[in-house]
file upload-v9.tsv (TSV, C-alpha atoms and all ligand atoms)
chain	number	residue	atom	x	y	z
L	1	MET	CA	-20.37	-3.66	0.88
L	2	LYS	CA	-17.96	-4.91	-1.76
L	3	ASN	CA	-14.85	-5.72	0.19
L	4	ILE	CA	-11.36	-5.10	-1.13
L	5	VAL	CA	-8.49	-7.06	0.43
L	6	ILE	CA	-4.97	-5.84	-0.35
L	7	LEU	CA	-1.92	-8.13	-0.06
L	8	ILE	CA	1.45	-6.49	0.60
L	9	SER	CA	5.00	-7.47	1.56
L	10	GLY	CA	6.73	-4.15	2.20
L	11	GLY	CA	6.38	-0.40	1.86
L	12	GLY	CA	2.75	-0.55	0.93
L	13	SER	CA	2.79	2.74	-0.96
L	14	ASN	CA	0.49	1.36	-3.67
L	15	MET	CA	-1.89	0.13	-0.99
L	16	ALA	CA	-1.81	3.59	0.63
L	17	ALA	CA	-2.50	5.23	-2.74
L	18	ILE	CA	-5.57	3.00	-3.18
L	19	VAL	CA	-6.81	3.72	0.36
L	20	LYS	CA	-6.37	7.49	-0.10
L	21	THR	CA	-8.07	7.46	-3.50
L	22	ALA	CA	-10.97	5.43	-2.07
L	23	GLN	CA	-11.43	8.12	0.58
L	24	ARG	CA	-11.02	11.08	-1.78
L	25	GLU	CA	-13.32	9.62	-4.45
L	26	ARG	CA	-15.81	8.25	-1.90
L	27	TRP	CA	-15.76	4.69	-3.21
L	28	ALA	CA	-18.11	3.69	-0.38
L	29	ASP	CA	-20.82	5.99	-1.74
L	30	CYS	CA	-20.01	5.62	-5.46
L	31	TYR	CA	-19.39	1.88	-5.69
L	32	GLY	CA	-20.39	0.52	-2.27
L	33	ALA	CA	-16.77	-0.58	-1.89
L	34	ARG	CA	-14.26	-0.35	0.93
L	35	VAL	CA	-10.77	-1.54	1.70
L	36	ALA	CA	-11.66	-4.09	4.37
L	37	ALA	CA	-8.30	-5.63	5.18
L	38	VAL	CA	-4.59	-5.49	4.44
L	39	ILE	CA	-2.64	-8.74	4.73
L	40	SER	CA	1.16	-8.98	4.73
L	41	ASN	CA	3.41	-12.03	4.60
L	42	LYS	CA	6.04	-9.96	6.43
L	43	ALA	CA	5.49	-8.69	9.98
L	44	GLN	CA	7.79	-5.69	9.39
L	45	ALA	CA	5.95	-4.35	6.35
L	46	GLN	CA	5.68	-0.57	6.91
L	47	GLY	CA	2.36	-0.50	5.12
L	48	LEU	CA	0.70	-2.27	8.05
L	49	GLN	CA	1.10	0.80	10.28
L	50	PHE	CA	-0.50	3.09	7.71
L	51	ALA	CA	-3.41	0.69	7.27
L	52	SER	CA	-4.17	0.29	10.96
L	53	ALA	CA	-3.92	4.07	11.44
L	54	GLN	CA	-6.70	4.28	8.84
L	55	GLY	CA	-8.82	1.86	10.85
L	56	ILE	CA	-8.32	-0.99	8.40
L	57	VAL	CA	-7.98	-4.52	9.74
L	58	THR	CA	-4.44	-5.82	9.30
L	59	GLU	CA	-3.16	-9.38	9.38
L	60	VAL	CA	0.28	-10.93	9.16
L	61	LEU	CA	0.60	-14.39	7.64
L	62	ASP	CA	4.24	-15.47	7.60
L	63	HIS	CA	4.83	-17.86	4.71
L	64	ARG	CA	7.76	-19.40	6.63
L	65	SER	CA	5.30	-20.87	9.14
L	66	TYR	CA	3.76	-23.10	6.47
L	67	PRO	CA	5.20	-26.34	5.11
L	68	SER	CA	4.28	-25.65	1.48
L	69	ARG	CA	2.99	-22.98	-0.89
L	70	GLU	CA	-0.33	-24.82	-0.97
L	71	ALA	CA	-0.63	-24.65	2.84
L	72	PHE	CA	0.25	-20.95	2.91
L	73	ASP	CA	-2.22	-20.15	0.14
L	74	ALA	CA	-4.96	-22.16	1.89
L	75	ALA	CA	-4.45	-20.13	5.08
L	76	LEU	CA	-4.42	-16.92	3.04
L	77	ALA	CA	-7.67	-17.89	1.33
L	78	GLN	CA	-9.25	-18.62	4.70
L	79	LEU	CA	-8.42	-15.08	5.90
L	80	ILE	CA	-9.63	-13.49	2.67
L	81	ASP	CA	-12.88	-15.46	2.67
L	82	ARG	CA	-13.97	-13.65	5.85
L	83	TYR	CA	-14.59	-10.73	3.51
L	84	ASP	CA	-16.18	-12.72	0.70
L	85	ASP	CA	-19.93	-12.66	0.26
L	86	PRO	CA	-21.75	-14.82	-2.32
L	87	GLY	CA	-23.60	-11.70	-3.52
L	88	GLN	CA	-20.62	-9.39	-3.10
L	89	PRO	CA	-17.46	-11.19	-4.15
L	90	VAL	CA	-14.26	-9.90	-2.58
L	91	LEU	CA	-11.73	-8.11	-4.80
L	92	VAL	CA	-8.13	-9.14	-4.04
L	93	LEU	CA	-5.32	-6.72	-4.96
L	94	LEU	CA	-1.62	-7.61	-4.94
L	95	ALA	CA	0.38	-4.46	-4.15
L	96	GLY	CA	4.07	-5.25	-3.85
L	97	PHE	CA	3.15	-8.77	-2.73
L	98	MET	CA	6.22	-10.94	-3.21
L	99	ARG	CA	4.95	-14.55	-3.05
L	100	ILE	CA	4.02	-16.47	-6.16
L	101	LEU	CA	0.49	-17.84	-5.74
L	102	THR	CA	-0.55	-21.40	-6.56
L	103	PRO	CA	-3.00	-22.17	-9.39
L	104	GLY	CA	-5.55	-23.31	-6.79
L	105	PHE	CA	-5.50	-19.90	-5.11
L	106	VAL	CA	-5.55	-17.98	-8.40
L	107	ASN	CA	-8.47	-20.00	-9.77
L	108	ARG	CA	-10.48	-19.52	-6.57
L	109	TYR	CA	-10.41	-15.75	-7.08
L	110	ALA	CA	-10.53	-15.81	-10.88
L	111	GLY	CA	-11.73	-12.52	-12.31
L	112	ARG	CA	-11.23	-10.65	-9.03
L	113	LEU	CA	-7.48	-10.93	-8.49
L	114	VAL	CA	-5.30	-8.08	-9.77
L	115	ASN	CA	-1.58	-7.19	-9.56
L	116	ILE	CA	0.63	-4.21	-10.32
L	117	HIS	CA	3.95	-5.14	-11.87
L	118	PRO	CA	6.83	-2.67	-12.26
L	119	SER	CA	7.51	-3.15	-15.97
L	120	LEU	CA	5.78	-2.74	-19.31
L	121	LEU	CA	4.51	-6.31	-19.66
L	122	PRO	CA	5.00	-8.54	-21.55
L	123	ALA	CA	8.57	-7.26	-21.16
L	124	PHE	CA	10.36	-8.23	-17.94
L	125	ALA	CA	8.02	-10.53	-16.09
L	126	GLY	CA	9.43	-11.68	-12.76
L	127	LEU	CA	11.90	-9.91	-10.49
L	128	HIS	CA	14.59	-7.17	-10.84
L	129	THR	CA	12.64	-5.46	-13.61
L	130	HIS	CA	14.32	-2.04	-13.38
L	131	GLN	CA	17.90	-3.30	-13.63
L	132	ARG	CA	16.90	-5.57	-16.51
L	133	ALA	CA	15.29	-2.63	-18.37
L	134	ILE	CA	18.44	-0.52	-17.87
L	135	ASP	CA	20.72	-3.38	-18.94
L	136	ALA	CA	18.65	-3.94	-22.08
L	137	GLY	CA	19.07	-0.29	-23.05
L	138	CYS	CA	15.34	0.44	-22.87
L	139	GLN	CA	14.48	4.10	-23.45
L	140	VAL	CA	11.16	3.76	-21.69
L	141	ALA	CA	10.01	1.73	-18.71
L	142	GLY	CA	6.80	1.66	-16.73
L	143	ALA	CA	4.24	-0.35	-14.85
L	144	THR	CA	1.35	-2.65	-15.68
L	145	VAL	CA	-1.87	-3.42	-13.84
L	146	HIS	CA	-3.01	-6.88	-14.88
L	147	ARG	CA	-5.33	-9.67	-13.91
L	148	VAL	CA	-3.54	-12.49	-12.13
L	149	THR	CA	-3.54	-15.87	-13.85
L	150	PRO	CA	-1.60	-18.99	-12.84
L	151	GLU	CA	1.22	-18.02	-15.23
L	152	LEU	CA	3.31	-15.34	-13.53
L	153	ASP	CA	2.79	-11.78	-14.82
L	154	HIS	CA	0.91	-13.00	-17.90
L	155	GLY	CA	-2.73	-12.10	-17.17
L	156	PRO	CA	-4.80	-9.67	-19.28
L	157	ILE	CA	-3.59	-6.07	-19.05
L	158	LEU	CA	-5.90	-3.51	-17.45
L	159	ALA	CA	-3.70	-0.37	-17.45
L	160	GLN	CA	-0.14	0.76	-18.16
L	161	ALA	CA	1.97	3.86	-17.59
L	162	VAL	CA	5.21	4.77	-19.36
L	163	VAL	CA	8.18	6.76	-17.99
L	164	PRO	CA	11.49	7.63	-19.65
L	165	VAL	CA	14.72	5.86	-18.72
L	166	LEU	CA	17.16	8.76	-18.20
L	167	PRO	CA	20.94	8.83	-18.59
L	168	GLY	CA	22.59	7.83	-15.33
L	169	ASP	CA	19.51	6.03	-14.03
L	170	THR	CA	20.09	3.31	-11.47
L	171	ALA	CA	17.53	0.65	-10.61
L	172	ASP	CA	16.58	2.82	-7.61
L	173	THR	CA	16.07	6.10	-9.47
L	174	LEU	CA	14.10	4.33	-12.20
L	175	ALA	CA	12.01	2.45	-9.61
L	176	ALA	CA	11.13	5.73	-7.88
L	177	ARG	CA	10.00	7.30	-11.20
L	178	VAL	CA	7.90	4.24	-12.05
L	179	LEU	CA	6.40	4.13	-8.55
L	180	THR	CA	4.94	7.67	-8.84
L	181	GLN	CA	3.00	6.45	-11.89
L	182	GLU	CA	1.93	3.23	-10.18
L	183	HIS	CA	0.23	5.36	-7.53
L	184	LEU	CA	-1.90	6.96	-10.26
L	185	ILE	CA	-2.81	4.01	-12.47
L	186	TYR	CA	-3.51	1.35	-9.83
L	187	PRO	CA	-6.31	3.22	-8.02
L	188	GLN	CA	-7.83	4.27	-11.37
L	189	ALA	CA	-7.76	0.69	-12.71
L	190	VAL	CA	-9.46	-0.53	-9.52
L	191	ALA	CA	-12.16	2.16	-9.79
L	192	GLN	CA	-12.81	1.06	-13.36
L	193	LEU	CA	-13.21	-2.56	-12.20
L	194	LEU	CA	-15.57	-1.52	-9.40
L	195	ARG	CA	-17.79	0.28	-11.91
L	196	LYS	CA	-18.17	-3.01	-13.80
L	197	MET	CA	-18.64	-5.27	-10.75
I	201	LIG	N1	1.04	-15.37	-8.66
I	201	LIG	C1	0.57	-15.80	-9.82
I	201	LIG	N2	0.11	-17.06	-9.86
I	201	LIG	N3	0.51	-15.06	-10.94
I	201	LIG	C2	0.99	-13.80	-10.90
I	201	LIG	O1	0.92	-13.07	-12.02
I	201	LIG	C3	1.54	-13.28	-9.71
I	201	LIG	C4	1.54	-14.11	-8.58
I	201	LIG	C5	2.08	-13.66	-7.37
I	201	LIG	C6	2.66	-12.42	-7.29
I	201	LIG	C7	3.42	-10.31	-8.33
I	201	LIG	C8	4.74	-10.45	-9.14
I	201	LIG	C9	5.24	-9.14	-9.65
I	201	LIG	O2	4.46	-8.21	-9.86
I	201	LIG	C10	2.69	-11.59	-8.42
I	201	LIG	C11	2.11	-12.00	-9.62
I	201	LIG	C12	6.85	-12.39	-6.66
I	201	LIG	C13	7.71	-13.08	-7.49
I	201	LIG	C14	8.71	-14.06	-6.93
I	201	LIG	O3	9.53	-14.58	-7.67
I	201	LIG	C15	7.59	-12.89	-8.85
I	201	LIG	C16	6.63	-12.03	-9.36
I	201	LIG	C17	5.77	-11.35	-8.52
I	201	LIG	C18	5.89	-11.52	-7.17
I	201	LIG	N4	8.67	-14.36	-5.62
I	201	LIG	C19	9.53	-15.30	-4.92
I	201	LIG	C20	8.77	-16.59	-4.60
I	201	LIG	O4	9.46	-17.61	-4.46
I	201	LIG	C21	10.01	-14.75	-3.61
I	201	LIG	C22	10.78	-13.49	-3.77
I	201	LIG	C23	10.97	-12.74	-2.44
I	201	LIG	O5	10.40	-13.14	-1.40
I	201	LIG	O6	11.65	-11.72	-2.48
I	201	LIG	O7	7.53	-16.57	-4.44
I	201	LIG	O8	6.47	-9.02	-9.93
I	202	LIG	C1	6.07	-1.60	-6.56
I	202	LIG	O1	6.95	-1.01	-7.48
I	202	LIG	C2	5.42	-2.81	-7.19
I	202	LIG	O2	5.10	-2.63	-8.55
I	202	LIG	C3	6.51	-3.82	-7.04
I	202	LIG	O3	7.09	-3.57	-5.79
I	202	LIG	C4	6.87	-2.22	-5.40
I	202	LIG	C5	6.09	-2.22	-4.12
I	202	LIG	O4	5.98	-0.95	-3.61
I	202	LIG	N1	5.99	-5.14	-7.10
I	202	LIG	C6	6.77	-6.17	-7.33
I	202	LIG	O5	7.95	-6.06	-7.61
I	202	LIG	C7	6.08	-7.51	-7.23
I	202	LIG	N2	7.03	-8.52	-7.48
I	202	LIG	P1	4.93	-0.67	-2.44
I	202	LIG	O6	5.03	-1.79	-1.45
I	202	LIG	O7	5.39	0.63	-1.87
I	202	LIG	O8	3.57	-0.59	-3.09
call {"tool": "encode", "arguments": {"input": "upload-v9.tsv", "output": "C-alpha cells"}}
result
Amino acid sequence: MKNIVILISGGGSNMAAIVKTAQRERWADCYGARVAAVISNKAQAQGLQFASAQGIVTEVLDHRSYPSREAFDAALAQLIDRYDDPGQPVLVLLAGFMRILTPGFVNRYAGRLVNIHPSLLPAFAGLHTHQRAIDAGCQVAGATVHRVTPELDHGPILAQAVVPVLPGDTADTLAARVLTQEHLIYPQAVAQLLRKM
C-alpha cells in the first residue's frame, strides 16, 4: 500500500474531504493508496475525532514540547517514517497545518510533500490571506494546491480554484467560499499525483 499521512492543526475539513473522496473513488483499489495516519500539532484539533471514527490512526505531536523547530520536525519525521516504505514512498499532505517546516524536513520528503494554501499563489503567501485579498480590492480569490519547498508557499503549483470576492465579504465569508472549493481541488490533485506515483 502507498500510505498517505495528513498533517492538520484544526478543523480538518480538507483532510475529511480527502478521506471521503478516497472511499468514494476507491483509491485502495484504483491506486493501492490509503490514508494511513492523521497527525496534529494541536490536541484539540476537531479533525482528529473524524479520523479516528474512520479507523485512521491519529497522533498528536505538540510543537511546544520541543526545544526547536528542528527537534519538532525530527520527531514528526520519525512518526511519518513508520508509514514509509522504500518501494512505496509515503505521501505527506499538509491540510490546514500551521507550522512552518524546516528545510531538512522538506528535503527529506521532496517530491511527496504537498500543501493547500487559501490564496491564488503567488499572491498572498503566508497568513491572513482572506483579509489581505479583501484589503487589496481583489475581485477574485481562491486556493492553491502546491508542492512544498523550503521557501514558504512557493513550490510548483498543482491545482487552483477561483471564487469571486463579493460586496460585503468579510474574511470569514470569503474563507468559507474558498473552503468549499478547497474540498474539491485538493482530493482531485492528490488523485492525479497517485496516478503518476
Ligand atoms: N513549510 C515550508 N517549508 N514550506 C511551505 O510552503 C509550507 C510549510 C509549512 C506549512 C502551510 C502554509 C499555508 O498554507 C505550510 C507551507 C503556517 C505558517 C506560519 O506562519 C505560514 C504558512 C503556512 C503555514 N506559521 C507560524 C509558525 O511560526 C505559526 C502560526 C500559528 O501557529 O498560528 O510556524 O499558509
Ligand atoms: C484551509 O482554508 C486551508 O487552506 C488553510 O486553513 C484552512 C484549514 O481548514 N490553511 C492555512 O491557512 C495554512 N496556513 P481545515 O482544517 O478545515 O482543512
call {"tool": "residues_near_ligand", "arguments": {"input": "upload-v9.tsv", "ligand": "ligand LIG 201 (chain I)", "cutoff": "9 Å", "atoms": "all atoms listed in the file", "output": "PDB file with C-alpha atoms, keeping the file's coordinate frame"}}
result
ATOM      1  CA  SER L   9       5.000  -7.470   1.560  1.00  0.00           C
ATOM      2  CA  ARG L  69       2.990 -22.980  -0.890  1.00  0.00           C
ATOM      3  CA  LEU L  94      -1.620  -7.610  -4.940  1.00  0.00           C
ATOM      4  CA  ALA L  95       0.380  -4.460  -4.150  1.00  0.00           C
ATOM      5  CA  GLY L  96       4.070  -5.250  -3.850  1.00  0.00           C
ATOM      6  CA  PHE L  97       3.150  -8.770  -2.730  1.00  0.00           C
ATOM      7  CA  MET L  98       6.220 -10.940  -3.210  1.00  0.00           C
ATOM      8  CA  ARG L  99       4.950 -14.550  -3.050  1.00  0.00           C
ATOM      9  CA  ILE L 100       4.020 -16.470  -6.160  1.00  0.00           C
ATOM     10  CA  LEU L 101       0.490 -17.840  -5.740  1.00  0.00           C
ATOM     11  CA  THR L 102      -0.550 -21.400  -6.560  1.00  0.00           C
ATOM     12  CA  PRO L 103      -3.000 -22.170  -9.390  1.00  0.00           C
ATOM     13  CA  GLY L 104      -5.550 -23.310  -6.790  1.00  0.00           C
ATOM     14  CA  PHE L 105      -5.500 -19.900  -5.110  1.00  0.00           C
ATOM     15  CA  VAL L 106      -5.550 -17.980  -8.400  1.00  0.00           C
ATOM     16  CA  VAL L 114      -5.300  -8.080  -9.770  1.00  0.00           C
ATOM     17  CA  ASN L 115      -1.580  -7.190  -9.560  1.00  0.00           C
ATOM     18  CA  ILE L 116       0.630  -4.210 -10.320  1.00  0.00           C
ATOM     19  CA  HIS L 117       3.950  -5.140 -11.870  1.00  0.00           C
ATOM     20  CA  PRO L 118       6.830  -2.670 -12.260  1.00  0.00           C
ATOM     21  CA  SER L 119       7.510  -3.150 -15.970  1.00  0.00           C
ATOM     22  CA  PHE L 124      10.360  -8.230 -17.940  1.00  0.00           C
ATOM     23  CA  ALA L 125       8.020 -10.530 -16.090  1.00  0.00           C
ATOM     24  CA  GLY L 126       9.430 -11.680 -12.760  1.00  0.00           C
ATOM     25  CA  LEU L 127      11.900  -9.910 -10.490  1.00  0.00           C
ATOM     26  CA  HIS L 128      14.590  -7.170 -10.840  1.00  0.00           C
ATOM     27  CA  THR L 129      12.640  -5.460 -13.610  1.00  0.00           C
ATOM     28  CA  THR L 144       1.350  -2.650 -15.680  1.00  0.00           C
ATOM     29  CA  VAL L 145      -1.870  -3.420 -13.840  1.00  0.00           C
ATOM     30  CA  HIS L 146      -3.010  -6.880 -14.880  1.00  0.00           C
ATOM     31  CA  ARG L 147      -5.330  -9.670 -13.910  1.00  0.00           C
ATOM     32  CA  VAL L 148      -3.540 -12.490 -12.130  1.00  0.00           C
ATOM     33  CA  THR L 149      -3.540 -15.870 -13.850  1.00  0.00           C
ATOM     34  CA  PRO L 150      -1.600 -18.990 -12.840  1.00  0.00           C
ATOM     35  CA  GLU L 151       1.220 -18.020 -15.230  1.00  0.00           C
ATOM     36  CA  LEU L 152       3.310 -15.340 -13.530  1.00  0.00           C
ATOM     37  CA  ASP L 153       2.790 -11.780 -14.820  1.00  0.00           C
ATOM     38  CA  HIS L 154       0.910 -13.000 -17.900  1.00  0.00           C
ATOM     39  CA  GLY L 155      -2.730 -12.100 -17.170  1.00  0.00           C
TER      40      GLY L 155
END
call {"tool": "residues_around", "arguments": {"input": "upload-v9.tsv", "residues": "Val163 in chain L", "least_positions_apart": "5", "cutoff": "9 Å", "atoms": "all atoms listed in the file", "output": "number ranges by chain"}}
result
L: 139-143, 174, 177-178, 181
call {"tool": "residues_around", "arguments": {"input": "upload-v9.tsv", "residues": "Leu93 in chain L", "least_positions_apart": "2", "cutoff": "12 Å", "atoms": "only C-alpha atoms", "output": "number ranges by chain"}}
result
L: 3-8, 12, 14-15, 18-19, 35-40, 80, 90-91, 95-97, 106, 109, 111-117, 145-148, 186-187, 189-190, 193
call {"tool": "write_last_selection", "arguments": {"input": "upload-v9.tsv", "atoms": "C-alpha atoms", "output": "compact mmCIF listing (two decimals), keeping the file's coordinate frame"}}
result
# COMPACT_ATOMS: atom_id res chain seq x y z
CA ASN L 3 -14.85 -5.72 0.19
CA ILE L 4 -11.36 -5.10 -1.13
CA VAL L 5 -8.49 -7.06 0.43
CA ILE L 6 -4.97 -5.84 -0.35
CA LEU L 7 -1.92 -8.13 -0.06
CA ILE L 8 1.45 -6.49 0.60
CA GLY L 12 2.75 -0.55 0.93
CA ASN L 14 0.49 1.36 -3.67
CA MET L 15 -1.89 0.13 -0.99
CA ILE L 18 -5.57 3.00 -3.18
CA VAL L 19 -6.81 3.72 0.36
CA VAL L 35 -10.77 -1.54 1.70
CA ALA L 36 -11.66 -4.09 4.37
CA ALA L 37 -8.30 -5.63 5.18
CA VAL L 38 -4.59 -5.49 4.44
CA ILE L 39 -2.64 -8.74 4.73
CA SER L 40 1.16 -8.98 4.73
CA ILE L 80 -9.63 -13.49 2.67
CA VAL L 90 -14.26 -9.90 -2.58
CA LEU L 91 -11.73 -8.11 -4.80
CA ALA L 95 0.38 -4.46 -4.15
CA GLY L 96 4.07 -5.25 -3.85
CA PHE L 97 3.15 -8.77 -2.73
CA VAL L 106 -5.55 -17.98 -8.40
CA TYR L 109 -10.41 -15.75 -7.08
CA GLY L 111 -11.73 -12.52 -12.31
CA ARG L 112 -11.23 -10.65 -9.03
CA LEU L 113 -7.48 -10.93 -8.49
CA VAL L 114 -5.30 -8.08 -9.77
CA ASN L 115 -1.58 -7.19 -9.56
CA ILE L 116 0.63 -4.21 -10.32
CA HIS L 117 3.95 -5.14 -11.87
CA VAL L 145 -1.87 -3.42 -13.84
CA HIS L 146 -3.01 -6.88 -14.88
CA ARG L 147 -5.33 -9.67 -13.91
CA VAL L 148 -3.54 -12.49 -12.13
CA TYR L 186 -3.51 1.35 -9.83
CA PRO L 187 -6.31 3.22 -8.02
CA ALA L 189 -7.76 0.69 -12.71
CA VAL L 190 -9.46 -0.53 -9.52
CA LEU L 193 -13.21 -2.56 -12.20
call {"tool": "atom_distance", "arguments": {"input": "upload-v9.tsv", "atom1": "CA of Asp85 in chain L", "atom2": "CA of Phe72 in chain L"}}
result
22.0 Å
call {"tool": "residues_around", "arguments": {"input": "upload-v9.tsv", "residues": "Ile134 in chain L", "least_positions_apart": "2", "cutoff": "8 Å", "atoms": "all atoms listed in the file", "output": "list in words"}}
result
His130, Gln131, Arg132, Ala136, Gly137, Cys138, Val165, Asp169, Thr170 and Ala171 of chain L
call {"tool": "closest_residue", "arguments": {"input": "upload-v9.tsv", "among": "L:Arg108, L:Lys20, L:Arg195, L:His183", "to": "ligand LIG 202 (chain I)", "atoms": "all atoms listed in the file"}}
result
L:His183
call {"tool": "atom_distance", "arguments": {"input": "upload-v9.tsv", "atom1": "CA of Thr180 in chain L", "atom2": "CA of Gly32 in chain L"}}
result
27.1 Å
call {"tool": "decode", "arguments": {"input": "upload-v9.tsv", "residues": "range 62-145 of chain L", "atoms": "C-alpha atoms", "output": "mmCIF file, in the first residue's frame"}}
result
data_model
loop_
_atom_site.group_PDB
_atom_site.id
_atom_site.type_symbol
_atom_site.label_atom_id
_atom_site.label_comp_id
_atom_site.auth_asym_id
_atom_site.auth_seq_id
_atom_site.Cartn_x
_atom_site.Cartn_y
_atom_site.Cartn_z
ATOM 1 C CA ASP L 62 2.662 19.211 20.352
ATOM 2 C CA HIS L 63 5.326 21.534 18.958
ATOM 3 C CA ARG L 64 5.538 23.269 22.360
ATOM 4 C CA SER L 65 7.103 20.124 23.834
ATOM 5 C CA TYR L 66 10.178 20.503 21.619
ATOM 6 C CA PRO L 67 13.078 22.898 22.157
ATOM 7 C CA SER L 68 13.437 23.858 18.493
ATOM 8 C CA ARG L 69 11.783 23.575 15.086
ATOM 9 C CA GLU L 70 14.473 21.072 14.124
ATOM 10 C CA ALA L 71 13.627 18.862 17.124
ATOM 11 C CA PHE L 72 9.892 19.016 16.397
ATOM 12 C CA ASP L 73 10.417 18.214 12.726
ATOM 13 C CA ALA L 74 12.719 15.295 13.608
ATOM 14 C CA ALA L 75 10.024 13.803 15.856
ATOM 15 C CA LEU L 76 7.424 14.394 13.144
ATOM 16 C CA ALA L 77 9.611 12.648 10.566
ATOM 17 C CA GLN L 78 10.059 9.705 12.911
ATOM 18 C CA LEU L 79 6.267 9.276 13.162
ATOM 19 C CA ILE L 80 5.773 9.652 9.414
ATOM 20 C CA ASP L 81 8.544 7.194 8.595
ATOM 21 C CA ARG L 82 6.520 4.380 10.195
ATOM 22 C CA TYR L 83 4.437 4.614 7.037
ATOM 23 C CA ASP L 84 7.323 4.987 4.609
ATOM 24 C CA ASP L 85 8.432 2.019 2.547
ATOM 25 C CA PRO L 86 11.497 2.104 0.263
ATOM 26 C CA GLY L 87 9.355 0.683 -2.559
ATOM 27 C CA GLN L 88 6.246 2.662 -1.614
ATOM 28 C CA PRO L 89 7.245 6.141 -0.505
ATOM 29 C CA VAL L 90 4.806 7.859 1.821
ATOM 30 C CA LEU L 91 2.860 10.876 0.521
ATOM 31 C CA VAL L 92 2.638 13.696 3.085
ATOM 32 C CA LEU L 93 -0.235 16.191 2.806
ATOM 33 C CA LEU L 94 -0.469 19.448 4.754
ATOM 34 C CA ALA L 95 -4.144 20.282 5.304
ATOM 35 C CA GLY L 96 -4.521 23.371 7.453
ATOM 36 C CA PHE L 97 -1.189 22.549 9.094
ATOM 37 C CA MET L 98 0.067 25.715 10.749
ATOM 38 C CA ARG L 99 3.775 25.093 11.475
ATOM 39 C CA ILE L 100 6.468 26.166 9.062
ATOM 40 C CA LEU L 101 8.671 23.159 8.274
ATOM 41 C CA THR L 102 12.477 23.218 8.257
ATOM 42 C CA PRO L 103 14.467 22.693 5.043
ATOM 43 C CA GLY L 104 15.733 19.377 6.443
ATOM 44 C CA PHE L 105 12.191 18.064 6.784
ATOM 45 C CA VAL L 106 11.075 19.411 3.408
ATOM 46 C CA ASN L 107 14.076 17.925 1.594
ATOM 47 C CA ARG L 108 13.551 14.524 3.228
ATOM 48 C CA TYR L 109 10.100 14.285 1.630
ATOM 49 C CA ALA L 110 10.967 16.120 -1.588
ATOM 50 C CA GLY L 111 8.517 15.341 -4.360
ATOM 51 C CA ARG L 112 5.958 13.826 -1.990
ATOM 52 C CA LEU L 113 5.044 16.774 0.223
ATOM 53 C CA VAL L 114 2.006 18.851 -0.780
ATOM 54 C CA ASN L 115 0.069 21.774 0.769
ATOM 55 C CA ILE L 116 -3.192 23.590 0.168
ATOM 56 C CA HIS L 117 -2.953 27.329 0.654
ATOM 57 C CA PRO L 118 -6.007 29.607 0.820
ATOM 58 C CA SER L 119 -4.997 32.142 -1.823
ATOM 59 C CA LEU L 120 -4.207 32.312 -5.521
ATOM 60 C CA LEU L 121 -0.436 31.935 -5.247
ATOM 61 C CA PRO L 122 1.905 33.648 -5.899
ATOM 62 C CA ALA L 123 -0.402 36.288 -4.385
ATOM 63 C CA PHE L 124 -0.660 36.309 -0.587
ATOM 64 C CA ALA L 125 1.789 33.731 0.645
ATOM 65 C CA GLY L 126 1.789 33.397 4.432
ATOM 66 C CA LEU L 127 -1.041 34.085 6.863
ATOM 67 C CA HIS L 128 -4.303 36.139 6.899
ATOM 68 C CA THR L 129 -4.785 35.634 3.168
ATOM 69 C CA HIS L 130 -8.511 36.440 3.023
ATOM 70 C CA GLN L 131 -8.305 39.791 4.808
ATOM 71 C CA ARG L 132 -5.303 40.738 2.680
ATOM 72 C CA ALA L 133 -7.219 39.884 -0.532
ATOM 73 C CA ILE L 134 -10.193 41.992 0.617
ATOM 74 C CA ASP L 135 -7.947 44.892 1.651
ATOM 75 C CA ALA L 136 -6.191 44.818 -1.722
ATOM 76 C CA GLY L 137 -9.538 45.122 -3.511
ATOM 77 C CA CYS L 138 -9.192 41.760 -5.253
ATOM 78 C CA GLN L 139 -12.258 40.782 -7.288
ATOM 79 C CA VAL L 140 -11.350 37.122 -7.182
ATOM 80 C CA ALA L 141 -9.723 34.932 -4.556
ATOM 81 C CA GLY L 142 -9.145 31.216 -4.303
ATOM 82 C CA ALA L 143 -6.922 28.378 -3.236
ATOM 83 C CA THR L 144 -3.767 26.696 -4.487
ATOM 84 C CA VAL L 145 -2.507 23.139 -4.144
#
